[in-house]
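Here is final-v6.txt, consisting of compact mmCIF, C-alpha atoms:
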```txt
# COMPACT_ATOMS: atom_id res chain seq x y z
CA MET N 1 16.47 7.13 68.27
CA SER N 2 20.16 7.73 69.01
CA ARG N 3 20.07 11.02 67.15
CA ARG N 4 17.25 12.24 69.40
CA LYS N 5 19.27 11.35 72.48
CA ASN N 6 22.35 13.10 71.13
CA HIS N 7 20.57 16.31 70.18
CA PHE N 8 17.96 16.63 72.92
CA PRO N 9 20.40 17.88 75.63
CA ILE N 10 21.53 20.63 73.28
CA LEU N 11 17.96 21.68 72.60
CA LEU N 12 17.13 21.45 76.29
CA THR N 13 19.94 23.88 77.08
CA THR N 14 18.76 26.19 74.31
CA CYS N 15 15.21 26.25 75.70
CA PHE N 16 16.39 27.27 79.15
CA ALA N 17 18.79 29.82 77.66
CA ILE N 18 15.85 31.47 75.89
CA VAL N 19 13.94 31.74 79.16
CA LEU N 20 16.95 32.95 81.15
CA SER N 21 17.61 35.64 78.56
CA VAL N 22 14.31 37.30 79.47
CA SER N 23 14.78 40.01 82.07
CA PRO N 24 12.84 39.61 85.33
CA ALA N 25 10.67 42.59 84.48
CA SER N 26 9.67 41.24 81.09
CA ALA N 27 9.27 37.67 82.35
CA ASP N 28 6.71 38.87 84.87
CA THR N 29 4.47 40.04 82.04
CA VAL N 30 4.53 36.81 80.00
CA HIS N 31 1.07 35.37 79.51
CA PHE N 32 -0.06 32.64 77.16
CA ASP N 33 -3.40 32.54 75.39
CA VAL N 34 -4.51 29.36 73.66
CA LEU N 35 -3.00 29.15 70.18
CA LEU N 36 -4.76 26.80 67.73
CA THR N 37 -3.00 25.48 64.66
CA GLY N 38 -2.47 22.43 62.49
CA SER N 39 0.34 19.87 62.64
CA SER N 40 0.57 16.81 60.35
CA GLY N 41 -3.19 16.74 59.84
CA ASN N 42 -4.02 17.27 63.51
CA LEU N 43 -5.41 20.27 65.37
CA ILE N 44 -3.04 21.12 68.23
CA THR N 45 -2.93 23.71 71.01
CA GLY N 46 -0.01 25.99 71.79
CA GLY N 47 0.59 29.23 73.63
CA TYR N 48 0.45 32.80 72.30
CA ASN N 49 1.70 35.96 73.99
CA ASP N 50 -0.02 39.17 72.85
CA ASP N 51 2.53 41.58 74.28
CA LEU N 52 5.50 39.91 72.60
CA SER N 53 3.62 38.64 69.52
CA THR N 54 5.21 35.23 69.98
CA GLY N 55 3.85 31.69 70.00
CA ILE N 56 5.05 28.22 70.97
CA ALA N 57 3.53 24.81 70.38
CA PRO N 58 2.58 22.38 71.66
CA MET N 59 1.17 23.53 75.00
CA ARG N 60 -1.77 21.93 76.80
CA VAL N 61 -2.06 23.49 80.27
CA PHE N 62 -3.54 26.97 80.67
CA SER N 63 -4.66 29.10 83.59
CA GLY N 64 -7.06 31.75 84.73
CA GLU N 65 -7.97 33.34 88.05
CA ALA N 66 -10.92 35.07 89.65
CA VAL N 67 -9.49 37.39 92.30
CA SER N 68 -11.64 39.56 94.54
CA SER N 69 -11.24 41.83 97.53
CA ASP N 70 -14.95 42.29 98.19
CA GLY N 71 -15.90 38.83 99.44
CA ASP N 72 -17.02 37.51 96.06
CA PRO N 73 -14.26 35.27 94.70
CA ALA N 74 -16.74 33.92 92.14
CA ALA N 75 -16.08 37.04 90.07
CA SER N 76 -15.61 35.99 86.46
CA ASP N 77 -12.35 35.98 84.57
CA ASP N 78 -11.74 36.31 80.83
CA GLU N 79 -8.36 34.62 80.51
CA PRO N 80 -6.97 32.88 78.65
CA GLY N 81 -7.93 34.16 75.24
CA PHE N 82 -7.88 32.14 72.01
CA ARG N 83 -6.02 32.82 68.78
CA ALA N 84 -5.54 31.05 65.45
CA PRO N 85 -2.60 32.59 63.50
CA ASN N 86 -2.33 32.81 59.74
CA GLN N 87 0.44 31.06 57.82
CA THR N 88 2.56 34.20 57.60
CA PHE N 89 2.86 34.34 61.37
CA LEU N 90 3.46 30.58 61.65
CA ASN N 91 6.37 30.93 59.21
CA SER N 92 7.86 33.90 61.05
CA PRO N 93 10.57 33.92 63.75
CA GLY N 94 7.85 34.85 66.25
CA MET N 95 6.59 31.26 66.18
CA THR N 96 8.45 28.31 67.73
CA PRO N 97 8.92 26.08 65.83
CA THR N 98 9.12 28.30 62.75
CA ALA N 99 7.57 27.08 59.48
CA LYS N 100 6.61 23.71 61.00
CA LEU N 101 2.89 24.27 61.61
CA SER N 102 -0.07 24.99 59.33
CA ALA N 103 -2.86 27.55 59.54
CA LEU N 104 -6.37 26.27 60.16
CA PRO N 105 -8.73 25.79 57.19
CA GLY N 106 -10.24 29.07 56.08
CA ASN N 107 -13.91 30.10 56.44
CA THR N 108 -14.55 27.09 58.69
CA ASN N 109 -16.17 26.75 62.11
CA LEU N 110 -13.73 26.15 64.96
CA LEU N 111 -15.51 24.03 67.56
CA PHE N 112 -14.95 23.14 71.19
CA ARG N 113 -16.48 20.84 73.75
CA LEU N 114 -15.98 20.26 77.47
CA VAL N 115 -14.68 16.74 78.09
CA PRO N 116 -14.30 14.61 81.25
CA MET N 117 -11.06 13.50 82.90
CA THR N 118 -10.23 10.51 85.08
CA ILE N 119 -8.34 11.18 88.30
CA SER N 120 -7.76 8.43 90.89
CA GLY N 121 -10.38 6.27 89.18
CA THR N 122 -13.08 8.97 89.19
CA ASN N 123 -14.36 10.31 85.87
CA ARG N 124 -15.69 13.88 86.01
CA ASN N 125 -15.77 17.11 84.03
CA LEU N 126 -14.80 19.24 87.03
CA PHE N 127 -12.30 18.64 89.83
CA PHE N 128 -11.14 20.73 92.79
CA TRP N 129 -8.10 21.15 95.05
CA ASP N 130 -8.14 23.56 98.00
CA GLY N 131 -4.50 24.56 97.58
CA THR N 132 -3.21 23.11 100.88
CA GLY N 133 -0.71 20.30 101.26
CA ALA N 134 0.19 18.16 98.28
CA VAL N 135 -1.80 18.69 95.08
CA ASN N 136 -4.86 16.46 95.36
CA PHE N 137 -7.64 17.09 92.85
CA GLY N 138 -10.92 15.46 93.80
CA PRO N 139 -14.58 15.51 92.72
CA LEU N 140 -17.10 18.18 93.73
CA SER N 141 -20.71 18.04 94.82
CA SER N 142 -23.44 18.31 92.21
CA GLY N 143 -24.25 21.83 93.41
CA TYR N 144 -21.07 23.15 91.84
CA GLY N 145 -21.10 24.41 88.30
CA LEU N 146 -18.69 26.03 85.90
CA SER N 147 -20.04 28.16 83.08
CA LEU N 148 -18.38 29.55 79.98
CA ALA N 149 -19.95 32.42 78.06
CA GLY N 150 -18.98 34.04 74.79
CA ASP N 151 -20.17 34.80 71.28
CA PHE N 152 -21.22 31.15 71.01
CA GLY N 153 -23.71 31.54 73.88
CA SER N 154 -22.97 29.53 77.01
CA ALA N 155 -21.70 26.09 77.97
CA SER N 156 -21.61 24.57 81.43
CA ILE N 157 -20.57 21.55 83.49
CA THR N 158 -21.36 20.53 87.06
CA GLY N 159 -19.61 18.66 89.84
CA ALA N 160 -21.67 15.59 88.91
CA SER N 161 -21.25 15.60 85.12
CA ASN N 162 -18.91 13.13 83.44
CA SER N 163 -19.64 13.32 79.74
CA SER N 164 -18.67 15.41 76.74
CA SER N 165 -20.79 18.48 76.23
CA LEU N 166 -22.36 19.38 72.94
CA GLU N 167 -20.03 21.04 70.45
CA PHE N 168 -20.07 24.82 70.33
CA VAL N 169 -18.73 27.11 67.62
CA LEU N 170 -15.95 29.19 69.15
CA LYS N 171 -15.46 31.25 65.98
CA THR N 172 -15.43 30.92 62.21
CA THR N 173 -11.96 31.32 60.76
CA SER N 174 -11.16 34.00 58.21
CA ALA N 175 -10.16 33.14 54.64
CA ASP N 176 -6.51 32.82 55.74
CA GLY N 177 -7.37 30.45 58.61
CA SER N 178 -7.00 33.01 61.39
CA LEU N 179 -9.65 33.94 63.90
CA ASP N 180 -11.31 37.26 63.17
CA PRO N 181 -11.32 38.93 65.59
CA GLY N 182 -8.20 37.07 66.62
CA HIS N 183 -8.62 37.16 70.38
CA PRO N 184 -12.05 35.95 71.49
CA HIS N 185 -12.45 35.32 75.21
CA PHE N 186 -14.52 33.03 77.32
CA THR N 187 -15.95 34.48 80.49
CA THR N 188 -15.46 31.78 83.11
CA LYS N 189 -17.41 31.59 86.35
CA ILE N 190 -17.69 29.08 89.22
CA ASP N 191 -20.94 28.81 91.17
CA ASN N 192 -21.94 26.76 94.22
CA ALA N 193 -25.73 26.54 94.02
CA GLY N 194 -25.91 30.32 94.27
CA ALA N 195 -23.50 30.49 97.21
CA THR N 196 -19.86 31.56 97.30
CA PRO N 197 -17.68 28.73 95.97
CA ALA N 198 -14.77 27.31 97.93
CA GLN N 199 -11.47 29.05 97.33
CA GLY N 200 -8.90 26.94 95.56
CA PHE N 201 -8.31 25.52 92.10
CA TYR N 202 -10.86 24.16 89.66
CA LEU N 203 -9.74 21.89 86.84
CA PHE N 204 -11.60 21.32 83.59
CA SER N 205 -10.71 20.11 80.12
CA MET N 206 -11.61 21.11 76.57
CA GLN N 207 -11.18 19.57 73.14
CA PHE N 208 -11.10 21.54 69.88
CA SER N 209 -12.06 20.44 66.39
CA ILE N 210 -12.36 21.80 62.86
CA SER N 211 -13.30 20.21 59.56
CA GLY N 212 -10.21 19.03 57.67
CA LEU N 213 -8.09 18.20 60.74
CA SER N 214 -8.25 15.50 63.40
CA ALA N 215 -9.57 16.82 66.73
CA SER N 216 -7.07 18.02 69.28
CA VAL N 217 -6.06 16.04 72.31
CA PRO N 218 -7.57 17.58 75.47
CA ALA N 219 -6.25 20.88 76.82
CA TYR N 220 -6.47 21.51 80.56
CA PHE N 221 -7.46 24.68 82.40
CA VAL N 222 -6.51 25.33 86.03
CA TYR N 223 -8.83 28.07 87.29
CA GLY N 224 -8.00 29.73 90.60
CA VAL N 225 -10.65 31.30 92.84
CA TYR N 226 -9.29 33.66 95.48
CA ASP N 227 -10.58 36.30 97.91
CA ALA N 228 -8.01 38.62 99.48
CA GLY N 229 -10.36 39.29 102.37
CA SER N 230 -9.86 35.83 103.84
CA LEU N 231 -6.59 34.76 102.17
CA PRO N 232 -4.30 37.81 102.27
CA ASN N 233 -1.20 35.87 101.21
CA PHE N 234 -1.59 35.91 97.45
CA GLU N 235 2.01 34.83 96.89
CA GLN N 236 1.26 31.55 98.67
CA PHE N 237 -1.88 31.09 96.57
CA ASP N 238 0.10 31.85 93.42
CA LEU N 239 2.70 29.20 94.26
CA ALA N 240 -0.08 26.68 94.83
CA HIS N 241 -1.49 27.58 91.40
CA ALA N 242 1.89 26.85 89.81
CA ALA N 243 2.05 23.53 91.69
CA ALA N 244 -1.40 22.61 90.38
CA GLU N 245 -0.35 23.34 86.79
CA THR N 246 2.81 21.27 87.20
CA TRP N 247 0.75 18.38 88.60
CA VAL N 248 -1.51 18.49 85.56
CA GLU N 249 1.53 18.54 83.26
CA ASN N 250 2.98 15.49 85.01
CA ASN N 251 -0.18 13.45 85.56
CA LEU N 252 -2.72 14.26 82.85
CA VAL N 253 -0.84 15.56 79.84
CA ALA N 254 0.33 12.66 77.69
CA VAL N 255 4.05 12.55 76.98
CA PRO N 256 4.31 10.63 73.70
CA GLU N 257 7.57 9.66 72.03
CA PRO N 258 8.48 12.90 70.23
CA SER N 259 8.16 12.75 66.47
CA SER N 260 11.10 15.11 66.05
CA VAL N 261 13.89 16.74 68.00
CA VAL N 262 12.05 20.05 67.77
CA LEU N 263 8.88 18.72 69.37
CA ALA N 264 10.90 17.02 72.10
CA GLY N 265 12.42 20.35 73.07
CA LEU N 266 9.05 22.07 73.01
CA GLY N 267 7.88 19.78 75.76
CA VAL N 268 10.44 21.52 77.93
CA VAL N 269 9.19 24.89 76.73
CA GLY N 270 5.70 23.88 77.86
CA LEU N 271 6.95 23.19 81.38
CA VAL N 272 8.87 26.45 81.47
CA GLY N 273 5.65 28.13 80.36
CA ALA N 274 4.05 27.17 83.68
CA GLU N 275 6.67 29.24 85.52
CA LEU N 276 6.19 32.17 83.17
CA ARG N 277 2.43 31.99 83.70
CA ARG N 278 2.99 32.01 87.45
CA ARG N 279 5.13 35.14 87.24
CA MET N 280 2.57 36.83 85.02
CA ARG N 281 -0.26 36.08 87.45
CA ARG N 282 1.69 37.48 90.37
CA GLN N 283 2.17 40.84 88.66
CA ARG N 284 -1.34 41.06 87.23
CA LYS N 285 -3.12 40.17 90.45
CA LEU N 286 -1.07 41.70 93.27
CA ALA N 287 -2.50 45.16 92.61
CA SER N 288 -6.07 43.87 92.59
CA VAL N 289 -5.71 42.05 95.91
CA ALA N 290 -3.85 44.79 97.79
CA PRO N 291 -5.66 45.79 101.02
CA GLN N 292 -7.97 48.72 100.52
CA ALA N 293 -7.26 51.92 102.44
```

Any chance you could put this one into structure tokens?
Amino acid sequence: MSRRKNHFPILLTTCFAIVLSVSPASADTVHFDVLLTGSSGNLITGGYNDDLSTGIAPMRVFSGEAVSSDGDPAASDDEPGFRAPNQTFLNSPGMTPTAKLSALPGNTNLLFRLVPMTISGTNRNLFFWDGTGAVNFGPLSSGYGLSLAGDFGSASITGASNSSSLEFVLKTTSADGSLDPGHPHFTTKIDNAGATPAQGFYLFSMQFSISGLSASVPAYFVYGVYDAGSLPNFEQFDLAHAAAETWVENNLVAVPEPSSVVLAGLGVVGLVGAELRRRMRRQRKLASVAPQA
């Protein structure tokens, strides 16, 4: 215990030094897909950046946005992606921590299911916050639905559902435990009984499993829906998205006693990741929401 306390401030400083060493231009492009790997017999989620070919784990809060300038903010989004690295990558300097995690079992189905959350005593699969004032996720009407589509087919939840969905096969791993192809996407869409959904932030949760490892703890997805036609200030919306992610980190993501100094420090990396995701969204979306000539 005392050794953790003595070393954690050093690791904390190191984590922030890594982030501060990234130039503003490169930081704006940082984006994390969902990285899936093994740790001490458990399936865990982390973050993977395609552009930099780097990964960190654990990480449990991810984001996506549907941004439109034509009055249809329900337009689908295909982020984040999903990746399972092989052992070579997990042992390389591109992965943090290096040589501490294990590749998934080879030639095995990687499964997911949508799972409910409890917020302020209410148990639901789907929550919503309009982005104004303090973060305040609440339940939705039964007319709302969120659908995920991919090679597995489709999965959906509604504003009224509060149970785990059936398991779906995301992908079958390759012989080396990686996903092949390594970057499958969900297409995510919000619907309000056929009408335009409210603009704001939709929160849902997923759990992953694979034979040979214990199922992951839930990962959380904060999905922003935005239309530049009625909300021209995207920067304000982007800051609200970051606030929503931070709220999920602080209120829904468990913070267990770290099993090692390394994992303790990575908790800080996960929080820093929320800021990097915010910067990435700002750069990716500003062009798409610019007023049309």

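Here atom CA of Tyr202 of chain N and atom CA of Val61 of chain N stand 12.9 Å from one another.
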
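Among N:Ser40, N:Asn107, N:Thr98, N:Thr132, the residue with the shortest atom-to-atom distance to Ala244 of chain N, counting all atoms listed in the file, is N:Thr132.
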
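Among the candidate residues N:Pro116, N:Gly81, N:Gly106, N:Gly182, the one lying nearest to Gly64 of chain N is N:Gly81, with distances computed using all atoms listed in the file.
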
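A straight line drawn from atom CA of Ala175 of chain N to atom CA of Pro80 of chain N is 24.2 Å long.
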
*Which residue gives the smallest distance to His185 of chain N among N:Ala228, N:Ala155, N:Val34, N:Leu43, with only C-alpha atoms counted?*
N:Val34

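Proximity of N:Gly131, N:Pro85, N:Gly159, N:Gly121 to Tyr144 of chain N, computed with all atoms listed in the file, is greatest for N:Gly159.
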
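You will find atom CA of Ser142 of chain N at 18.9 Å from atom CA of Ser154 of chain N.
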
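Closest to Leu146 of chain N among N:Asp176, N:Glu167, N:Asp227, N:Asp191 is N:Asp191, based on only C-alpha atoms.
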
*For Arg60 of chain N, which residue among N:Glu79, N:Asp180, N:Asp238, N:Asp33 is the nearest when counting only C-alpha atoms?*
N:Asp33

*Near segment 44-47 of chain N, counting all atoms listed in the file, which residues have an atom at most 6 Å away, once you skip same-chain residues fewer than 2 positions from it, shown as a list of chain:residue names?*
N:Phe32, N:Asp33, N:Val34, N:Leu35, N:Leu36, N:Thr37, N:Gly38, N:Gly55, N:Ile56, N:Ala57, N:Pro58, N:Met59, N:Ser216
